[in-house]
Amino acid sequence: MVLTGGAASRCPVIEPVVLAARADISSYLGRWRWLLSGREIALDLSMADEARRHRLEVRLNFWRSVCGCQAGAFAFIAMTIWRIFFAGVPTWTGRAVAASAALVLLAAIVGKLLAILAARLVLLIELARLRRELSEERNLP
């Protein structure tokens, strides 16, 4: 973490995770940091195509930053519509309304968590593919 002077000293700057070699990717994957890390990923790889490296870095950071809000909102709206129009005629007691609200919120949370999990799995696959490509390039004659 880097702190700068002045008013900015109250806001720490979080440095990115720098992946510069196959060993860095293996370390990042091996300690489950890919699942929980909020730090941006920076690739410092010697690749022939700089534009490809930049696109890959942008894609990795996209998958890392997925928060699941859209999926949670969709699940919330879908469950609300289902509970109102398709779940039968409820008795509008306090307990029934509270149970319906809890079910709708649970659907939103599950939708959000599933979106985050799916994004992290795609991130894992992308990093494993990159690690494999780097090891194949190293084994070239």
# chains A, B, ... in the order shown; residues from 1 in each chain; ligands from 1

call {"tool": "residues_around", "arguments": {"residues": "Arg59 (chain A)", "least_positions_apart": "2", "cutoff": "12 Å", "atoms": "only C-alpha atoms", "output": "list of chain:residue names"}}
result
A:Glu40, A:Ile41, A:Ala42, A:Leu43, A:Arg52, A:Arg53, A:His54, A:Arg55, A:Leu56, A:Glu57, A:Asn61, A:Phe62, A:Trp63, A:Arg64, A:Ser65, A:Val66, A:Ala119, A:Val122, A:Leu123, A:Ile125, A:Glu126, A:Leu127

call {"tool": "write_last_selection", "arguments": {"atoms": "N, CA and C atoms", "output": "PDB file, in the first residue's frame"}}
result
ATOM      1  N   GLU A  40      -6.407  -4.719  -8.457  1.00  0.00           N
ATOM      2  CA  GLU A  40      -6.333  -4.792  -9.916  1.00  0.00           C
ATOM      3  C   GLU A  40      -5.166  -5.681 -10.333  1.00  0.00           C
ATOM      4  N   ILE A  41      -5.289  -6.304 -11.491  1.00  0.00           N
ATOM      5  CA  ILE A  41      -4.233  -7.154 -12.025  1.00  0.00           C
ATOM      6  C   ILE A  41      -3.476  -6.366 -13.087  1.00  0.00           C
ATOM      7  N   ALA A  42      -2.146  -6.369 -12.974  1.00  0.00           N
ATOM      8  CA  ALA A  42      -1.288  -5.736 -13.978  1.00  0.00           C
ATOM      9  C   ALA A  42      -0.369  -6.811 -14.547  1.00  0.00           C
ATOM     10  N   LEU A  43      -0.363  -6.954 -15.857  1.00  0.00           N
ATOM     11  CA  LEU A  43       0.501  -7.930 -16.511  1.00  0.00           C
ATOM     12  C   LEU A  43       1.796  -7.249 -16.924  1.00  0.00           C
ATOM     13  N   ARG A  52      -2.256  -7.277 -27.558  1.00  0.00           N
ATOM     14  CA  ARG A  52      -2.868  -8.493 -26.995  1.00  0.00           C
ATOM     15  C   ARG A  52      -2.700  -8.533 -25.475  1.00  0.00           C
ATOM     16  N   ARG A  53      -1.515  -8.137 -24.978  1.00  0.00           N
ATOM     17  CA  ARG A  53      -1.273  -8.104 -23.543  1.00  0.00           C
ATOM     18  C   ARG A  53      -2.239  -7.123 -22.871  1.00  0.00           C
ATOM     19  N   HIS A  54      -2.429  -5.962 -23.494  1.00  0.00           N
ATOM     20  CA  HIS A  54      -3.336  -4.962 -22.936  1.00  0.00           C
ATOM     21  C   HIS A  54      -4.784  -5.476 -22.925  1.00  0.00           C
ATOM     22  N   ARG A  55      -5.207  -6.099 -24.020  1.00  0.00           N
ATOM     23  CA  ARG A  55      -6.581  -6.647 -24.076  1.00  0.00           C
ATOM     24  C   ARG A  55      -6.780  -7.722 -23.009  1.00  0.00           C
ATOM     25  N   LEU A  56      -5.766  -8.557 -22.823  1.00  0.00           N
ATOM     26  CA  LEU A  56      -5.846  -9.613 -21.818  1.00  0.00           C
ATOM     27  C   LEU A  56      -5.921  -9.011 -20.418  1.00  0.00           C
ATOM     28  N   GLU A  57      -5.146  -7.992 -20.152  1.00  0.00           N
ATOM     29  CA  GLU A  57      -5.176  -7.329 -18.853  1.00  0.00           C
ATOM     30  C   GLU A  57      -6.542  -6.698 -18.587  1.00  0.00           C
ATOM     31  N   ASN A  61      -9.139  -7.916 -15.614  1.00  0.00           N
ATOM     32  CA  ASN A  61      -9.658  -6.956 -14.633  1.00  0.00           C
ATOM     33  C   ASN A  61     -11.173  -6.819 -14.706  1.00  0.00           C
ATOM     34  N   PHE A  62     -11.738  -7.021 -15.898  1.00  0.00           N
ATOM     35  CA  PHE A  62     -13.202  -7.021 -15.994  1.00  0.00           C
ATOM     36  C   PHE A  62     -13.774  -8.160 -15.162  1.00  0.00           C
ATOM     37  N   TRP A  63     -13.271  -9.369 -15.347  1.00  0.00           N
ATOM     38  CA  TRP A  63     -13.798 -10.520 -14.612  1.00  0.00           C
ATOM     39  C   TRP A  63     -13.528 -10.382 -13.121  1.00  0.00           C
ATOM     40  N   ARG A  64     -12.402  -9.775 -12.743  1.00  0.00           N
ATOM     41  CA  ARG A  64     -12.074  -9.575 -11.342  1.00  0.00           C
ATOM     42  C   ARG A  64     -13.029  -8.580 -10.688  1.00  0.00           C
ATOM     43  N   SER A  65     -13.513  -7.611 -11.449  1.00  0.00           N
ATOM     44  CA  SER A  65     -14.321  -6.541 -10.868  1.00  0.00           C
ATOM     45  C   SER A  65     -15.828  -6.780 -10.922  1.00  0.00           C
ATOM     46  N   VAL A  66     -16.261  -7.907 -11.451  1.00  0.00           N
ATOM     47  CA  VAL A  66     -17.708  -8.183 -11.493  1.00  0.00           C
ATOM     48  C   VAL A  66     -18.232  -8.263 -10.062  1.00  0.00           C
ATOM     49  N   ALA A 119     -17.987 -15.252 -12.466  1.00  0.00           N
ATOM     50  CA  ALA A 119     -16.928 -14.360 -12.947  1.00  0.00           C
ATOM     51  C   ALA A 119     -15.565 -14.798 -12.431  1.00  0.00           C
ATOM     52  N   VAL A 122     -14.400 -17.773 -14.444  1.00  0.00           N
ATOM     53  CA  VAL A 122     -13.886 -17.357 -15.747  1.00  0.00           C
ATOM     54  C   VAL A 122     -12.497 -16.750 -15.579  1.00  0.00           C
ATOM     55  N   LEU A 123     -12.300 -15.954 -14.522  1.00  0.00           N
ATOM     56  CA  LEU A 123     -10.971 -15.399 -14.238  1.00  0.00           C
ATOM     57  C   LEU A 123      -9.962 -16.512 -14.012  1.00  0.00           C
ATOM     58  N   ILE A 125     -10.074 -19.576 -15.178  1.00  0.00           N
ATOM     59  CA  ILE A 125      -9.825 -20.237 -16.460  1.00  0.00           C
ATOM     60  C   ILE A 125      -8.894 -19.393 -17.325  1.00  0.00           C
ATOM     61  N   GLU A 126      -9.123 -18.074 -17.369  1.00  0.00           N
ATOM     62  CA  GLU A 126      -8.269 -17.179 -18.161  1.00  0.00           C
ATOM     63  C   GLU A 126      -6.830 -17.202 -17.642  1.00  0.00           C
ATOM     64  N   LEU A 127      -6.655 -17.166 -16.324  1.00  0.00           N
ATOM     65  CA  LEU A 127      -5.308 -17.192 -15.761  1.00  0.00           C
ATOM     66  C   LEU A 127      -4.619 -18.534 -15.994  1.00  0.00           C
TER      67      LEU A 127
END

call {"tool": "select_by_dssp", "arguments": {"residues": "chain A", "states": "helix (DSSP H, G or I)", "output": "PyMOL selection string"}}
result
chain A and resi 6-10+22-30+33-36+50-65+69-86+94-138

call {"tool": "residues_around", "arguments": {"residues": "Ala107 (chain A)", "least_positions_apart": "5", "cutoff": "9 Å", "atoms": "only C-alpha atoms", "output": "PyMOL selection string"}}
result
chain A and resi 72+75-76+78-79+102+112

call {"tool": "write_last_selection", "arguments": {"atoms": "all heavy atoms", "output": "mmCIF file, in the first residue's frame"}}
result
data_model
loop_
_atom_site.group_PDB
_atom_site.id
_atom_site.type_symbol
_atom_site.label_atom_id
_atom_site.label_comp_id
_atom_site.auth_asym_id
_atom_site.auth_seq_id
_atom_site.Cartn_x
_atom_site.Cartn_y
_atom_site.Cartn_z
ATOM 1 N N GLY A 72 -28.086 -9.772 -9.287
ATOM 2 C CA GLY A 72 -28.887 -9.666 -8.065
ATOM 3 C C GLY A 72 -30.163 -8.869 -8.299
ATOM 4 O O GLY A 72 -31.235 -9.243 -7.823
ATOM 5 N N ALA A 75 -32.576 -11.011 -10.352
ATOM 6 C CA ALA A 75 -33.205 -12.036 -9.512
ATOM 7 C C ALA A 75 -34.249 -11.410 -8.579
ATOM 8 O O ALA A 75 -35.308 -11.990 -8.360
ATOM 9 C CB ALA A 75 -32.136 -12.776 -8.707
ATOM 10 N N PHE A 76 -33.943 -10.231 -8.053
ATOM 11 C CA PHE A 76 -34.881 -9.519 -7.189
ATOM 12 C C PHE A 76 -36.176 -9.200 -7.929
ATOM 13 O O PHE A 76 -37.272 -9.473 -7.445
ATOM 14 C CB PHE A 76 -34.226 -8.227 -6.676
ATOM 15 C CG PHE A 76 -35.098 -7.408 -5.784
ATOM 16 C CD1 PHE A 76 -35.120 -7.647 -4.418
ATOM 17 C CD2 PHE A 76 -35.887 -6.391 -6.288
ATOM 18 C CE1 PHE A 76 -35.914 -6.886 -3.578
ATOM 19 C CE2 PHE A 76 -36.692 -5.629 -5.461
ATOM 20 C CZ PHE A 76 -36.700 -5.883 -4.105
ATOM 21 N N ALA A 78 -37.276 -10.516 -10.827
ATOM 22 C CA ALA A 78 -37.945 -11.734 -11.285
ATOM 23 C C ALA A 78 -38.707 -12.412 -10.146
ATOM 24 O O ALA A 78 -39.858 -12.841 -10.320
ATOM 25 C CB ALA A 78 -36.923 -12.692 -11.891
ATOM 26 N N MET A 79 -38.083 -12.494 -8.975
ATOM 27 C CA MET A 79 -38.754 -13.133 -7.845
ATOM 28 C C MET A 79 -39.930 -12.292 -7.361
ATOM 29 O O MET A 79 -40.978 -12.836 -6.983
ATOM 30 C CB MET A 79 -37.767 -13.368 -6.695
ATOM 31 C CG MET A 79 -38.384 -14.079 -5.509
ATOM 32 S SD MET A 79 -39.079 -15.715 -5.890
ATOM 33 C CE MET A 79 -37.612 -16.706 -5.897
ATOM 34 N N ALA A 102 -38.499 -11.699 2.499
ATOM 35 C CA ALA A 102 -37.281 -12.453 2.789
ATOM 36 C C ALA A 102 -36.895 -13.338 1.604
ATOM 37 O O ALA A 102 -35.710 -13.447 1.258
ATOM 38 C CB ALA A 102 -37.471 -13.297 4.049
ATOM 39 N N LYS A 112 -26.621 -12.540 -6.885
ATOM 40 C CA LYS A 112 -25.368 -11.789 -6.803
ATOM 41 C C LYS A 112 -24.181 -12.727 -6.567
ATOM 42 O O LYS A 112 -23.156 -12.629 -7.240
ATOM 43 C CB LYS A 112 -25.466 -10.759 -5.681
ATOM 44 C CG LYS A 112 -24.248 -9.878 -5.532
ATOM 45 C CD LYS A 112 -24.505 -8.814 -4.488
ATOM 46 C CE LYS A 112 -23.290 -7.966 -4.222
ATOM 47 N NZ LYS A 112 -22.963 -7.047 -5.290
#

call {"tool": "closest_residue", "arguments": {"among": "A:Glu136, A:Ile77, A:Leu124, A:Gly111", "to": "Ser26 (chain A)", "atoms": "only C-alpha atoms"}}
result
A:Leu124

call {"tool": "atom_distance", "arguments": {"atom1": "CA of Arg131 (chain A)", "atom2": "CA of Ala23 (chain A)"}}
result
8.4 Å

call {"tool": "closest_residue", "arguments": {"among": "A:Gly94, A:Leu130, A:Leu105, A:Leu35", "to": "Leu117 (chain A)", "atoms": "only C-alpha atoms"}}
result
A:Leu35

call {"tool": "select_by_dssp", "arguments": {"residues": "region 17-120 of chain A", "states": "strand (DSSP E or B)", "output": "PyMOL selection string"}}
result
chain A and resi 17-19+41-43
